[in-house]
Structures are given as C-alpha cells and as structure tokens.
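The file upload39.cif contains mmCIF, C-alpha atoms:
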```cif
data_run
#
loop_
_atom_site.group_PDB
_atom_site.id
_atom_site.type_symbol
_atom_site.label_atom_id
_atom_site.label_comp_id
_atom_site.auth_asym_id
_atom_site.auth_seq_id
_atom_site.Cartn_x
_atom_site.Cartn_y
_atom_site.Cartn_z
ATOM 1 C CA MET A 1 -15.129 1.066 -2.609
ATOM 2 C CA PHE A 2 -12.694 0.495 0.236
ATOM 3 C CA ALA A 3 -14.134 -0.843 3.465
ATOM 4 C CA ALA A 4 -12.511 -0.447 6.874
ATOM 5 C CA PRO A 5 -10.681 -3.628 8.002
ATOM 6 C CA SER A 6 -12.846 -5.960 10.060
ATOM 7 C CA LYS A 7 -12.276 -6.505 13.787
ATOM 8 C CA PHE A 8 -11.597 -10.162 13.066
ATOM 9 C CA PHE A 9 -8.901 -9.430 10.503
ATOM 10 C CA ALA A 10 -7.419 -6.723 12.715
ATOM 11 C CA SER A 11 -6.953 -9.168 15.577
ATOM 12 C CA ILE A 12 -5.320 -11.693 13.230
ATOM 13 C CA VAL A 13 -2.876 -9.129 11.915
ATOM 14 C CA CYS A 14 -1.984 -7.924 15.417
ATOM 15 C CA SER A 15 -1.150 -11.438 16.549
ATOM 16 C CA ALA A 16 0.506 -12.670 13.373
ATOM 17 C CA MET A 17 2.369 -9.618 12.087
ATOM 18 C CA PHE A 18 3.077 -7.053 14.786
ATOM 19 C CA ALA A 19 5.969 -7.674 17.119
ATOM 20 C CA ILE A 20 4.277 -5.389 19.656
ATOM 21 C CA CYS A 21 0.566 -4.794 19.510
ATOM 22 C CA THR A 22 -2.183 -4.051 21.970
ATOM 23 C CA PRO A 23 -4.850 -6.774 21.538
ATOM 24 C CA HIS A 24 -7.490 -5.652 19.089
ATOM 25 C CA ALA A 25 -5.755 -2.259 18.825
ATOM 26 C CA ALA A 26 -7.080 -1.550 15.351
ATOM 27 C CA ALA A 27 -10.597 -2.479 16.394
ATOM 28 C CA ALA A 28 -10.444 -0.539 19.663
ATOM 29 C CA GLN A 29 -9.549 2.741 17.995
ATOM 30 C CA SER A 30 -12.714 4.266 16.596
ATOM 31 C CA LEU A 31 -12.837 5.395 12.992
ATOM 32 C CA GLU A 32 -13.821 8.879 14.105
ATOM 33 C CA THR A 33 -10.802 9.377 16.374
ATOM 34 C CA SER A 34 -8.249 7.866 14.001
ATOM 35 C CA ALA A 35 -5.754 10.281 12.484
ATOM 36 C CA CYS A 36 -6.478 8.500 9.211
ATOM 37 C CA SER A 37 -10.144 9.461 9.071
ATOM 38 C CA ALA A 38 -11.266 11.595 6.150
ATOM 39 C CA SER A 39 -11.644 14.562 8.538
ATOM 40 C CA PRO A 40 -8.982 14.111 11.244
ATOM 41 C CA ALA A 41 -8.806 16.334 14.296
ATOM 42 C CA SER A 42 -7.094 19.674 13.828
ATOM 43 C CA ALA A 43 -3.770 20.408 15.482
ATOM 44 C CA THR A 44 -4.099 22.069 18.896
ATOM 45 C CA ALA A 45 -2.836 25.600 19.458
ATOM 46 C CA PRO A 46 0.018 24.443 21.774
ATOM 47 C CA TYR A 47 1.169 21.958 19.124
ATOM 48 C CA GLN A 48 1.081 24.621 16.437
ATOM 49 C CA ARG A 49 3.223 26.883 18.620
ATOM 50 C CA GLN A 50 5.629 24.005 19.242
ATOM 51 C CA VAL A 51 6.181 23.290 15.550
ATOM 52 C CA ALA A 52 6.349 27.006 14.771
ATOM 53 C CA ASN A 53 9.255 27.265 17.205
ATOM 54 C CA ILE A 54 10.993 24.251 15.638
ATOM 55 C CA ASP A 55 10.554 25.650 12.132
ATOM 56 C CA ARG A 56 11.741 29.099 13.213
ATOM 57 C CA GLU A 57 14.902 27.566 14.699
ATOM 58 C CA LEU A 58 15.509 25.683 11.447
ATOM 59 C CA GLY A 59 15.066 28.807 9.349
ATOM 60 C CA VAL A 60 11.820 27.824 7.618
ATOM 61 C CA GLN A 61 10.036 30.949 6.419
ATOM 62 C CA SER A 62 7.007 31.805 8.549
ATOM 63 C CA ASP A 63 4.689 31.888 5.519
ATOM 64 C CA TYR A 64 5.986 28.645 4.014
ATOM 65 C CA ALA A 65 3.009 26.499 5.062
ATOM 66 C CA SER A 66 0.346 28.887 3.817
ATOM 67 C CA ALA A 67 2.222 29.496 0.565
ATOM 68 C CA HIS A 68 2.398 25.738 -0.079
ATOM 69 C CA ASP A 69 -1.133 24.758 0.938
ATOM 70 C CA LEU A 70 0.006 22.839 4.026
ATOM 71 C CA SER A 71 -1.875 22.477 7.314
ATOM 72 C CA PRO A 72 -0.392 21.384 10.671
ATOM 73 C CA ILE A 73 -0.656 17.623 11.146
ATOM 74 C CA PRO A 74 -0.948 16.358 14.757
ATOM 75 C CA GLU A 75 1.367 13.568 15.791
ATOM 76 C CA ALA A 76 -0.246 10.140 16.094
ATOM 77 C CA THR A 77 -1.301 9.092 19.581
ATOM 78 C CA GLN A 78 -2.056 5.428 18.801
ATOM 79 C CA LEU A 79 0.561 3.378 16.990
ATOM 80 C CA VAL A 80 1.343 -0.278 16.418
ATOM 81 C CA ILE A 81 4.308 -1.951 14.786
ATOM 82 C CA ALA A 82 3.233 -2.574 11.202
ATOM 83 C CA GLY A 83 6.233 -4.595 10.089
ATOM 84 C CA ARG A 84 9.912 -3.938 9.472
ATOM 85 C CA ASP A 85 11.642 -1.657 7.040
ATOM 86 C CA ILE A 86 14.291 -2.622 4.488
ATOM 87 C CA ARG A 87 16.935 -2.398 7.224
ATOM 88 C CA GLY A 88 15.025 -4.650 9.589
ATOM 89 C CA ARG A 89 13.883 -1.860 11.912
ATOM 90 C CA PRO A 90 10.311 -1.832 13.306
ATOM 91 C CA VAL A 91 7.930 0.554 11.529
ATOM 92 C CA LYS A 92 5.012 2.093 13.403
ATOM 93 C CA LEU A 93 1.689 3.173 11.905
ATOM 94 C CA ASP A 94 -1.825 4.050 13.012
ATOM 95 C CA PRO A 95 -3.619 0.741 13.771
ATOM 96 C CA HIS A 96 -6.048 1.081 10.845
ATOM 97 C CA ALA A 97 -3.279 1.993 8.420
ATOM 98 C CA ALA A 98 -1.191 -0.941 9.634
ATOM 99 C CA VAL A 99 -3.971 -3.443 8.951
ATOM 100 C CA ALA A 100 -4.695 -1.982 5.510
ATOM 101 C CA LEU A 101 -0.994 -2.009 4.619
ATOM 102 C CA LYS A 102 -0.737 -5.694 5.548
ATOM 103 C CA GLU A 103 -3.720 -6.485 3.338
ATOM 104 C CA MET A 104 -2.194 -4.548 0.455
ATOM 105 C CA ILE A 105 1.234 -6.163 0.773
ATOM 106 C CA VAL A 106 -0.328 -9.635 0.813
ATOM 107 C CA ALA A 107 -2.499 -8.837 -2.218
ATOM 108 C CA ALA A 108 0.463 -7.503 -4.170
ATOM 109 C CA GLU A 109 2.566 -10.547 -3.298
ATOM 110 C CA ALA A 110 -0.200 -12.812 -4.583
ATOM 111 C CA GLN A 111 0.182 -11.087 -7.946
ATOM 112 C CA GLY A 112 3.953 -11.400 -8.010
ATOM 113 C CA VAL A 113 4.741 -7.882 -6.748
ATOM 114 C CA THR A 114 6.863 -7.351 -3.644
ATOM 115 C CA LEU A 115 6.242 -4.196 -1.614
ATOM 116 C CA GLN A 116 8.782 -3.262 1.049
ATOM 117 C CA ILE A 117 8.491 -0.600 3.745
ATOM 118 C CA VAL A 118 10.998 2.234 3.840
ATOM 119 C CA SER A 119 9.421 4.493 6.446
ATOM 120 C CA GLY A 120 6.253 4.926 8.480
ATOM 121 C CA TYR A 121 5.554 7.159 11.472
ATOM 122 C CA ARG A 122 8.039 9.975 12.073
ATOM 123 C CA SER A 123 7.768 12.597 14.810
ATOM 124 C CA ALA A 124 8.185 16.331 14.239
ATOM 125 C CA ASP A 125 11.551 16.138 15.998
ATOM 126 C CA TYR A 126 12.666 13.339 13.684
ATOM 127 C CA GLN A 127 11.513 15.376 10.692
ATOM 128 C CA ALA A 128 13.570 18.303 11.973
ATOM 129 C CA GLY A 129 16.590 16.020 12.157
ATOM 130 C CA LEU A 130 16.166 15.080 8.493
ATOM 131 C CA LEU A 131 16.227 18.746 7.500
ATOM 132 C CA ARG A 132 19.197 19.544 9.746
ATOM 133 C CA ASP A 133 21.137 16.687 8.171
ATOM 134 C CA LYS A 134 20.474 18.004 4.658
ATOM 135 C CA LEU A 135 21.478 21.525 5.680
ATOM 136 C CA ARG A 136 24.698 20.224 7.275
ATOM 137 C CA HIS A 137 25.556 18.559 3.975
ATOM 138 C CA GLY A 138 25.248 21.845 2.139
ATOM 139 C CA MET A 139 21.737 21.598 0.744
ATOM 140 C CA SER A 140 19.757 24.832 0.660
ATOM 141 C CA MET A 141 16.559 25.073 2.684
ATOM 142 C CA GLN A 142 14.605 25.598 -0.534
ATOM 143 C CA SER A 143 15.918 22.322 -1.990
ATOM 144 C CA ALA A 144 15.501 20.441 1.296
ATOM 145 C CA LEU A 145 11.837 21.436 1.555
ATOM 146 C CA ARG A 146 11.186 20.051 -1.914
ATOM 147 C CA ILE A 147 12.118 16.652 -0.470
ATOM 148 C CA ASN A 148 10.897 16.820 3.128
ATOM 149 C CA ALA A 149 7.933 18.760 4.504
ATOM 150 C CA PRO A 150 8.825 21.035 7.424
ATOM 151 C CA PRO A 151 8.296 19.669 10.956
ATOM 152 C CA GLY A 152 4.644 19.821 11.889
ATOM 153 C CA TYR A 153 3.442 19.372 8.315
ATOM 154 C CA SER A 154 4.702 15.919 7.325
ATOM 155 C CA GLU A 155 2.062 13.251 6.682
ATOM 156 C CA HIS A 156 4.366 10.773 8.408
ATOM 157 C CA GLN A 157 3.516 12.419 11.742
ATOM 158 C CA SER A 158 -0.072 11.203 11.435
ATOM 159 C CA GLY A 159 1.000 7.570 11.397
ATOM 160 C CA CYS A 160 -1.051 7.148 8.215
ATOM 161 C CA ALA A 161 1.671 7.610 5.602
ATOM 162 C CA VAL A 162 4.130 5.006 4.406
ATOM 163 C CA ASP A 163 7.074 5.072 2.033
ATOM 164 C CA LEU A 164 7.374 1.948 -0.086
ATOM 165 C CA THR A 165 9.939 0.359 -2.353
ATOM 166 C CA THR A 166 10.574 -2.969 -4.053
ATOM 167 C CA PRO A 167 13.674 -5.176 -4.404
ATOM 168 C CA HIS A 168 16.419 -3.751 -6.650
ATOM 169 C CA SER A 169 14.889 -0.262 -6.523
ATOM 170 C CA LYS A 170 16.628 2.633 -4.766
ATOM 171 C CA ALA A 171 14.591 3.724 -1.751
ATOM 172 C CA ALA A 172 12.840 7.118 -1.894
ATOM 173 C CA ASP A 173 13.911 7.694 -5.478
ATOM 174 C CA ALA A 174 11.912 8.838 -8.500
ATOM 175 C CA SER A 175 13.054 5.716 -10.371
ATOM 176 C CA PHE A 176 10.480 3.794 -8.317
ATOM 177 C CA ALA A 177 7.905 5.175 -10.773
ATOM 178 C CA ARG A 178 9.344 2.851 -13.417
ATOM 179 C CA THR A 179 8.855 -0.341 -11.398
ATOM 180 C CA ARG A 180 6.130 -2.984 -11.535
ATOM 181 C CA ALA A 181 5.443 -2.199 -7.886
ATOM 182 C CA TYR A 182 4.520 1.406 -8.663
ATOM 183 C CA ALA A 183 2.386 0.331 -11.601
ATOM 184 C CA TRP A 184 0.563 -2.076 -9.284
ATOM 185 C CA LEU A 185 0.066 0.625 -6.656
ATOM 186 C CA THR A 186 -1.371 3.116 -9.128
ATOM 187 C CA LYS A 187 -3.915 0.486 -10.131
ATOM 188 C CA HIS A 188 -4.733 -1.110 -6.774
ATOM 189 C CA ALA A 189 -3.624 1.043 -3.809
ATOM 190 C CA ALA A 190 -6.946 2.915 -3.658
ATOM 191 C CA GLU A 191 -8.718 -0.419 -3.135
ATOM 192 C CA TYR A 192 -6.935 -0.563 0.239
ATOM 193 C CA GLY A 193 -7.417 3.107 1.118
ATOM 194 C CA PHE A 194 -3.999 4.389 0.048
ATOM 195 C CA ARG A 195 -3.478 7.478 -2.096
ATOM 196 C CA LEU A 196 -0.422 8.972 -3.751
ATOM 197 C CA SER A 197 0.185 12.194 -1.830
ATOM 198 C CA TYR A 198 2.631 14.000 -4.080
ATOM 199 C CA PRO A 199 2.027 13.412 -7.796
ATOM 200 C CA PRO A 200 3.909 15.435 -10.411
ATOM 201 C CA GLY A 201 3.091 19.150 -10.184
ATOM 202 C CA ASN A 202 1.349 18.894 -6.792
ATOM 203 C CA SER A 203 0.163 22.106 -5.138
ATOM 204 C CA HIS A 204 2.545 21.730 -2.187
ATOM 205 C CA GLY A 205 5.703 22.266 -4.200
ATOM 206 C CA ILE A 206 7.050 18.879 -3.090
ATOM 207 C CA GLU A 207 8.898 16.776 -5.636
ATOM 208 C CA PHE A 208 7.046 13.864 -7.242
ATOM 209 C CA GLU A 209 7.216 11.057 -4.669
ATOM 210 C CA PRO A 210 6.012 7.816 -6.258
ATOM 211 C CA TRP A 211 6.988 5.988 -3.068
ATOM 212 C CA HIS A 212 4.867 8.019 -0.613
ATOM 213 C CA TRP A 213 1.307 6.799 0.038
ATOM 214 C CA ARG A 214 -1.197 7.909 2.676
ATOM 215 C CA TYR A 215 -4.015 5.801 4.055
ATOM 216 C CA VAL A 216 -7.443 7.434 4.444
ATOM 217 C CA ILE A 217 -10.273 5.520 6.097
ATOM 218 C CA GLY A 218 -13.207 4.996 3.753
ATOM 219 C CA ALA A 219 -11.636 7.011 0.951
ATOM 220 C CA PRO A 220 -13.370 6.356 -2.382
ATOM 221 C CA PRO A 221 -11.107 5.032 -5.132
ATOM 222 C CA ALA A 222 -9.207 7.811 -6.872
ATOM 223 C CA ARG A 223 -10.396 8.545 -10.408
#
```
Kindly present the structure from the file in structure tokens form.
Amino acid sequence: MFAAPSKFFASIVCSAMFAICTPHAAAAQSLETSACSASPASATAPYQRQVANIDRELGVQSDYASAHDLSPIPEATQLVIAGRDIRGRPVKLDPHAAVALKEMIVAAEAQGVTLQIVSGYRSADYQAGLLRDKLRHGMSMQSALRINAPPGYSEHQSGCAVDLTTPHSKAADASFARTRAYAWLTKHAAEYGFRLSYPPGNSHGIEFEPWHWRYVIGAPPAR
C-alpha cells in the first residue's frame, strides 16, 4: 500500500530537484488540506460560477458536466516546481504529488525506463485556451471535449495530475500505450499513488489517455 512521502524525503526533493520550492513545502501542507487527498475540498460557489461563465463563453453545453460524470475541480493553491517538461519548461504540481512523482521517476529509471513530463498544473484559463485553439483550427466542440475536459473540470487544475511520455514517443498520443514506459506505469504507478484517469471506455466520454495519471494520497493499489 502506498504511504505518503516522509518529511525527510520531501525536504531532500525540494532542495535537490525543485528550482523554486518553499522549504519543507510538501511536509508543511497537511494531507487533509491537499487537493490530492482522497476526499478533496469541493469547489466554492463563486468558483463554480466563474467556470460556468468561461464554459458558456466557449459554447460548452450547460449540462455537459452532469452528462459526463464530471465535478468542478478547484484550482490548486499550493504548488512547487516538480521538474521540467520535454521542452525544458518548469512544471508545477501539488507538493505531495511532486514528491511522489520524483520517487516514481527515479524508481522507473532504476529499472531502465525513462519517464518524461509533458504537463502538470494548468489553470482553468489555460484550459480554456487549449479549447479555443482547437476550435480556431476547425475542430468541433464535441471532438475537442473528447481530448480536453472543459475549464473547471480538468484534473490538471488540482495540481495532482501529470501527463507523461518517454523518449521517441509522441507526447499525448495513444501510441504511448505501446511503450515500455506505459507497461511499467500500469504495473507500478499505483505503488506511488498514481492512477490512470481515463482508461478505454471511461464514463467521462474522454478518449483513452495512457499518458494522463493522477496522484491520490493514500490511494490503495488499483486492482
């Protein structure tokens, strides 16, 4: 069963891995208040109104969330830099998720598997930008929402979700499911608290995303 990262390891990771990190950030944030806890805080009414306005402006149907079993996800309030993405840009995550990701990357590397970060925390506004870009390029809203959750409902907003890839694999592509990295993740990711959010045929109507993994504090291994 996965155990929350120790304060000692958290402080090591902050000093050795994060370019910017509040000392003992992962230890200072309680498990109960973390967005990555098994029962995170619900989105506030003002936040729900905010994302409803964004989604209305984008043209997302008002009943989309309820029809696709999606609940509003508050934006993370505590973030640290968890590493750099494949383009060398800093990636932010919830402190607990950042520590667990570091542990998982190191463990995979020890077994000859390289995990690379594609994306971490994204705000609702950033998520809206992704949808606007797809719509500008002629994609229908229906198709766009099979790839990206509407603003306010993306797991990336929690700071607990990460998109991963491996060398010589196209980022955010279903072909990742055929890599050694994905095979390793399906076998070991739960040991570090990470779960595949969107398997084939998921209830949310989102395409199979073998690259998208969410960290949940104290989550039992998936069976």
Chain and number of each residue from the PyMOL selection byres ((chain A and resi 148) around 12), as number ranges by chain = A: 60, 122, 124, 126-135, 141-147, 149-156, 172, 198, 204-209, 212
Residue nearest A:Ala35 - candidates A:Ala171, A:Leu79, A:Ala107, A:Ile54, atoms counted: all atoms listed in the file | A:Leu79
When you draw a straight line from atom CA of A:Thr186 to atom CA of A:His96, how long is it in Å?
-> 20.6 Å
Near-A:Leu115 list (7 Å; only C-alpha atoms; drop same-chain fewer than 2 positions) as a short mmCIF file (atom, residue, chain, number, x, y, z; two decimals) with C-alpha atoms, in the frame of the given file:
```
data_model
loop_
_atom_site.label_atom_id
_atom_site.label_comp_id
_atom_site.auth_asym_id
_atom_site.auth_seq_id
_atom_site.Cartn_x
_atom_site.Cartn_y
_atom_site.Cartn_z
CA ILE A 105 1.23 -6.16 0.77
CA VAL A 113 4.74 -7.88 -6.75
CA ILE A 117 8.49 -0.60 3.74
CA LEU A 164 7.37 1.95 -0.09
CA THR A 165 9.94 0.36 -2.35
CA THR A 166 10.57 -2.97 -4.05
CA ALA A 181 5.44 -2.20 -7.89
#
```
Nearest candidate to A:Gly88 (options A:Ala45, A:Ala65, A:Ala108, A:Val118; using all atoms listed in the file) =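 Of all the options, A:Val118 lies closest to A:Gly88.
Straight-line separation from atom CA of A:Ile86 to atom CA of A:Lys187: 23.6 Å.
Here the question is which of A:Gly193, A:Gly112, A:Gly120, A:Gly59 gets nearest to A:Gly83 using only C-alpha atoms, and that residue is A:Gly120.
The closest residue to A:Glu75, picked from A:Phe194, A:His188, A:Asp125, A:Gln61 and counting all atoms listed in the file, is A:Asp125.
With all atoms listed in the file as the basis for measurement, A:Ala82 is the residue among A:Ala82, A:Ala174, A:Pro74, A:Arg136 that approaches A:Glu103 most closely.
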Please determine an axis-aligned box that encloses all atoms of stretch 45-55 of chain A listed in the file, with 5 Å added on each side, and express its centre and edge lengths in Å to one decimal as JSON.
```
{"center_x": 4.1, "center_y": 24.6, "center_z": 17.0, "size_x": 23.8, "size_y": 15.3, "size_z": 19.6}
```
May I ask for the distance between atom CA of A:Asp94 and atom CA of A:Ala67, given in Å to one decimal place?
-> 28.6 Å
Give the answer as one residue: which of A:Thr114, A:Leu101, A:Ser158, A:Arg89 has the shortest atom-to-atom distance to A:Ser42, using all atoms listed in the file?
-> A:Ser158
Could stretch 84-104 of chain A be completed with N, CA and C atoms and returned as an mmCIF file, keeping the file's coordinate frame?
```cif
data_model
loop_
_atom_site.group_PDB
_atom_site.id
_atom_site.type_symbol
_atom_site.label_atom_id
_atom_site.label_comp_id
_atom_site.auth_asym_id
_atom_site.auth_seq_id
_atom_site.Cartn_x
_atom_site.Cartn_y
_atom_site.Cartn_z
ATOM 1 N N ARG A 84 8.532 -4.416 9.386
ATOM 2 C CA ARG A 84 9.912 -3.938 9.472
ATOM 3 C C ARG A 84 10.330 -3.322 8.151
ATOM 4 N N ASP A 85 11.210 -2.337 8.253
ATOM 5 C CA ASP A 85 11.642 -1.657 7.040
ATOM 6 C C ASP A 85 12.741 -2.450 6.350
ATOM 7 N N ILE A 86 13.300 -1.899 5.289
ATOM 8 C CA ILE A 86 14.291 -2.622 4.488
ATOM 9 C C ILE A 86 15.595 -2.850 5.247
ATOM 10 N N ARG A 87 15.753 -2.178 6.391
ATOM 11 C CA ARG A 87 16.935 -2.398 7.224
ATOM 12 C C ARG A 87 16.634 -3.270 8.434
ATOM 13 N N GLY A 88 15.407 -3.772 8.498
ATOM 14 C CA GLY A 88 15.025 -4.650 9.589
ATOM 15 C C GLY A 88 14.541 -3.945 10.832
ATOM 16 N N ARG A 89 14.349 -2.622 10.754
ATOM 17 C CA ARG A 89 13.883 -1.860 11.912
ATOM 18 C C ARG A 89 12.363 -1.854 11.980
ATOM 19 N N PRO A 90 11.778 -1.864 13.192
ATOM 20 C CA PRO A 90 10.311 -1.832 13.306
ATOM 21 C C PRO A 90 9.751 -0.525 12.773
ATOM 22 N N VAL A 91 8.621 -0.611 12.090
ATOM 23 C CA VAL A 91 7.930 0.554 11.529
ATOM 24 C C VAL A 91 6.584 0.677 12.214
ATOM 25 N N LYS A 92 6.282 1.865 12.724
ATOM 26 C CA LYS A 92 5.012 2.093 13.403
ATOM 27 C C LYS A 92 4.042 2.847 12.501
ATOM 28 N N LEU A 93 2.760 2.493 12.624
ATOM 29 C CA LEU A 93 1.689 3.173 11.905
ATOM 30 C C LEU A 93 0.443 3.219 12.787
ATOM 31 N N ASP A 94 -0.493 4.066 12.416
ATOM 32 C CA ASP A 94 -1.825 4.050 13.012
ATOM 33 C C ASP A 94 -2.389 2.635 12.865
ATOM 34 N N PRO A 95 -3.116 2.121 13.854
ATOM 35 C CA PRO A 95 -3.619 0.741 13.771
ATOM 36 C C PRO A 95 -4.400 0.428 12.495
ATOM 37 N N HIS A 96 -5.274 1.333 12.059
ATOM 38 C CA HIS A 96 -6.048 1.081 10.845
ATOM 39 C C HIS A 96 -5.149 1.042 9.613
ATOM 40 N N ALA A 97 -4.200 1.959 9.555
ATOM 41 C CA ALA A 97 -3.279 1.993 8.420
ATOM 42 C C ALA A 97 -2.422 0.736 8.385
ATOM 43 N N ALA A 98 -2.025 0.255 9.566
ATOM 44 C CA ALA A 98 -1.191 -0.941 9.634
ATOM 45 C C ALA A 98 -1.914 -2.161 9.075
ATOM 46 N N VAL A 99 -3.183 -2.310 9.443
ATOM 47 C CA VAL A 99 -3.971 -3.443 8.951
ATOM 48 C C VAL A 99 -4.150 -3.349 7.431
ATOM 49 N N ALA A 100 -4.489 -2.160 6.949
ATOM 50 C CA ALA A 100 -4.695 -1.982 5.510
ATOM 51 C C ALA A 100 -3.412 -2.223 4.739
ATOM 52 N N LEU A 101 -2.277 -1.788 5.291
ATOM 53 C CA LEU A 101 -0.994 -2.009 4.619
ATOM 54 C C LEU A 101 -0.698 -3.498 4.510
ATOM 55 N N LYS A 102 -0.951 -4.245 5.582
ATOM 56 C CA LYS A 102 -0.737 -5.694 5.548
ATOM 57 C C LYS A 102 -1.587 -6.329 4.457
ATOM 58 N N GLU A 103 -2.843 -5.944 4.379
ATOM 59 C CA GLU A 103 -3.720 -6.485 3.338
ATOM 60 C C GLU A 103 -3.170 -6.184 1.950
ATOM 61 N N MET A 104 -2.686 -4.953 1.764
ATOM 62 C CA MET A 104 -2.194 -4.548 0.455
ATOM 63 C C MET A 104 -0.913 -5.288 0.080
#
```
